Amino acid sequence: MSDTADKATDESMERTGDGTVEGAAGRTADVTPDRMRERRVAAGRAARRVLWRPSHQATVRDRLTWLNEGAEGVYDLDQPVDMYGDRLVETLEERVAGLLGMEAAAFFPTGTMAQQVALRCWAGRTGNATVALHPLSHPEVHERHAFSRVSGLRPVHVTDEPRLPTAEEVRDLPEPFGTLMLELPLRDAGFVLPSWEELTEAVDAARERDAVVHFDGARLWECTARLGRPLAEIAGLADSVYVSFYKSLGGFGGAAVAGPRTLIDEAKTWRHRYGGMIIQQFPTVLAALIGLERELPRLPEYVAHARVVAAALREGFTEAGVPWVRVHPEEPHTHQFQVWLPYDHEALGDAGLRQLEETRTGVFAQGWTRGGPGLAYTEVTVAAPGLEWTAQDVRTAVRDFVERLPG
């Protein structure tokens, strides 16, 4: 979680009123944002057991070692480096287009740039700069209104419900739109997905209105389990798809847009205009190829185990006597989900950090966000380290966490 959105979320989790918080043991801890971040990163590095190890908590040496060890098997390292998007970059683009069943793909340094370019290209082709999307979509929440401020796009909201829009809502939107953008999964609603039937019906409804469909697929890679279809079939519903190379694949950064070759050719022109024509990007591209090779095949396993972890979390809080807990979705749609508890976010963050520091085990290592008076939530990610956890391990860690809470 190292993009601007996730950094902002992490900072909001750590932000406190007066810079101090009374811990469960009655002590006052230094929890200024910078100090909390330093403690969380240090504790994460030292931890023996966590459900996920975010790459942005690693050292530069760690990441260079990871790149060096993984790159040998995914590309001929004796080939010349890339230059302004050729060679190695083209190899990644071809790989992504093949995985998504699209004619072509274009690599971008950021997802924010990638989606703006794709949608402004569609706006020119449809003659309509209005993009229908969910108000919790990434561009609306985390990109500082870049659609309207930079690209001349006009977002309209299809629904305010914390889920993907239905076909009826798409069909009944009271104004014309050129593009329907669907974020799969919808991260800020709890990493939620529709069913396959609901998704196809929403896409059909957009086409009935002569609109094109674009998937914000930053986390599309892990959607196959819930939707029950291979990547190419899911992507094939849309006219274009954006994917990220670090949110689930563990890369350094970067994104791609895939779609018809004529659209991608135009997108590459706009990529240059937006400043995305970087002379050499081989470290980021190699990291993306490693992620496709190593992490992509494991994502279904992570999704399956996330369901085990989610059930054990709910059981653990009930056994510990917590009066109310919500795991959302109740059965996770991907390997990420939310947990809601009736406590102040500062107290929960302090308890989670102290558990990580004192036991070197962290079930909630990422901090908590205020969700209302006396209510907070956190995001849980289950990846390779989480596969080592049994349901009993989770319940035991939850009990230890609850003992650190006030009251």
# chains A, B, ... in the order shown; residues from 1 in each chain; ligands from 1

$ select_by_dssp --residues "stretch 28-105 of chain A" --states "strand (DSSP E or B)" --output "list of chain:residue names"
A:Thr28, A:Ala29, A:Asp30, A:Arg49, A:Val50, A:Ala104, A:Ala105

$ select_by_dssp --residues "stretch 170-322 of chain A" --states "helix (DSSP H, G or I)" --output "PyMOL selection string"
chain A and resi 170-172+187-189+196-208+220-222+224-227+231-235+261-273+282-294+296-319

$ atom_distance --atom1 "atom CA of A:Met102" --atom2 "atom CA of A:Ala258"
6.1 Å

$ closest_residue --among "A:Gly372, A:Gly276, A:Pro406, A:Gly367" --to "A:Val41" --atoms "only C-alpha atoms"
A:Gly367

$ residues_around --residues "A:Ile264" --least-positions-apart "6" --cutoff "8 Å" --atoms "only C-alpha atoms" --output "list in words"
Ala104, Ala105, Ala106, Val257 and Ala258 of chain A

$ residues_around --residues "A:Ala397" --least-positions-apart "4" --cutoff "7 Å" --atoms "only C-alpha atoms" --output "short mmCIF file (atom, residue, chain, number, x, y, z; two decimals) with N, CA and C atoms, in the first residue's frame"
data_model
loop_
_atom_site.label_atom_id
_atom_site.label_comp_id
_atom_site.auth_asym_id
_atom_site.auth_seq_id
_atom_site.Cartn_x
_atom_site.Cartn_y
_atom_site.Cartn_z
N VAL A 363 -1.87 -9.14 14.38
CA VAL A 363 -3.05 -9.46 13.58
C VAL A 363 -3.64 -8.20 12.96
N ASP A 393 -4.63 -19.93 15.63
CA ASP A 393 -3.63 -18.87 15.77
C ASP A 393 -4.30 -17.50 15.75
N PHE A 401 -4.98 -9.35 21.72
CA PHE A 401 -5.25 -7.97 21.29
C PHE A 401 -6.33 -7.34 22.17
#

$ residues_around --residues "stretch 111-124 of chain A" --least-positions-apart "5" --cutoff "10 Å" --atoms "only C-alpha atoms" --output "ChimeraX atom specification"
/A:3-4,106,129-131,138-139,142-143,146-148,150-153,177-181,211-218,239-245,253-259,263-264,266-271,273-276

$ residues_around --residues "stretch 305-310 of chain A" --least-positions-apart "2" --cutoff "10 Å" --atoms "only C-alpha atoms" --output "VMD selection string"
chain A and resid 51 299 to 303 312 to 316 326 to 339 363 380 to 384 386 to 395

$ closest_residue --among "A:Gly73, A:Gly349, A:Gly371, A:Gly190" --to "A:Val402" --atoms "only C-alpha atoms"
A:Gly349

$ atom_distance --atom1 "atom CA of A:Pro194" --atom2 "atom CA of A:Ala206"
15.7 Å

$ residues_around --residues "stretch 61-64 of chain A" --least-positions-apart "4" --cutoff "10 Å" --atoms "only C-alpha atoms" --output "NGL selection string"
:A and (55-57 or 68-70 or 251-252 or 283 or 287)

$ write_last_selection --atoms "all heavy atoms" --output "compact mmCIF listing (two decimals), in the first residue's frame"
# COMPACT_ATOMS: atom_id res chain seq x y z
N SER A 55 5.32 -3.99 1.19
CA SER A 55 6.66 -3.78 0.65
C SER A 55 7.23 -2.43 1.05
O SER A 55 8.46 -2.27 1.13
CB SER A 55 6.63 -3.90 -0.88
OG SER A 55 5.76 -2.94 -1.44
N HIS A 56 6.37 -1.45 1.33
CA HIS A 56 6.90 -0.12 1.66
C HIS A 56 7.53 -0.08 3.05
O HIS A 56 8.16 0.91 3.41
CB HIS A 56 5.81 0.95 1.55
CG HIS A 56 4.72 0.83 2.56
ND1 HIS A 56 3.59 0.07 2.35
CD2 HIS A 56 4.57 1.36 3.79
CE1 HIS A 56 2.80 0.16 3.40
NE2 HIS A 56 3.38 0.93 4.28
N GLN A 57 7.39 -1.15 3.83
CA GLN A 57 8.06 -1.21 5.12
C GLN A 57 9.43 -1.86 5.03
O GLN A 57 10.16 -1.91 6.02
CB GLN A 57 7.19 -1.96 6.13
CG GLN A 57 5.93 -1.21 6.53
CD GLN A 57 5.16 -1.90 7.64
OE1 GLN A 57 5.49 -3.02 8.05
NE2 GLN A 57 4.12 -1.26 8.13
N ASN A 68 16.85 -8.54 -7.40
CA ASN A 68 17.99 -9.28 -7.97
C ASN A 68 17.71 -10.77 -8.00
O ASN A 68 18.02 -11.46 -8.98
CB ASN A 68 19.24 -8.98 -7.14
CG ASN A 68 20.49 -9.61 -7.74
OD1 ASN A 68 20.84 -9.34 -8.89
ND2 ASN A 68 21.15 -10.46 -6.97
N GLU A 69 17.09 -11.29 -6.93
CA GLU A 69 16.82 -12.73 -6.87
C GLU A 69 15.72 -13.16 -7.82
O GLU A 69 15.74 -14.27 -8.35
CB GLU A 69 16.45 -13.11 -5.43
CG GLU A 69 17.60 -12.98 -4.45
CD GLU A 69 17.18 -13.28 -3.02
OE1 GLU A 69 15.96 -13.37 -2.78
OE2 GLU A 69 18.07 -13.41 -2.16
N GLY A 70 14.75 -12.28 -8.04
CA GLY A 70 13.61 -12.67 -8.87
C GLY A 70 13.76 -12.38 -10.34
O GLY A 70 13.12 -13.03 -11.17
N GLY A 251 4.97 -5.29 -6.65
CA GLY A 251 5.97 -4.60 -7.45
C GLY A 251 6.36 -3.26 -6.86
O GLY A 251 5.89 -2.85 -5.80
N PHE A 252 7.23 -2.55 -7.57
CA PHE A 252 7.71 -1.24 -7.11
C PHE A 252 6.68 -0.14 -7.39
O PHE A 252 6.70 0.91 -6.75
CB PHE A 252 9.01 -0.86 -7.83
CG PHE A 252 10.19 -1.69 -7.43
CD1 PHE A 252 11.40 -1.54 -8.10
CD2 PHE A 252 10.13 -2.60 -6.38
CE1 PHE A 252 12.51 -2.29 -7.74
CE2 PHE A 252 11.22 -3.35 -6.02
CZ PHE A 252 12.42 -3.21 -6.70
N PRO A 283 13.74 -1.15 -13.55
CA PRO A 283 13.51 -1.74 -12.22
C PRO A 283 12.02 -1.96 -11.93
O PRO A 283 11.63 -3.02 -11.42
CB PRO A 283 14.12 -0.71 -11.27
CG PRO A 283 15.10 0.05 -12.10
CD PRO A 283 14.46 0.13 -13.45
N ALA A 287 10.15 -5.62 -11.69
CA ALA A 287 9.37 -5.95 -10.49
C ALA A 287 7.96 -6.38 -10.87
O ALA A 287 7.39 -7.30 -10.26
CB ALA A 287 9.33 -4.75 -9.55
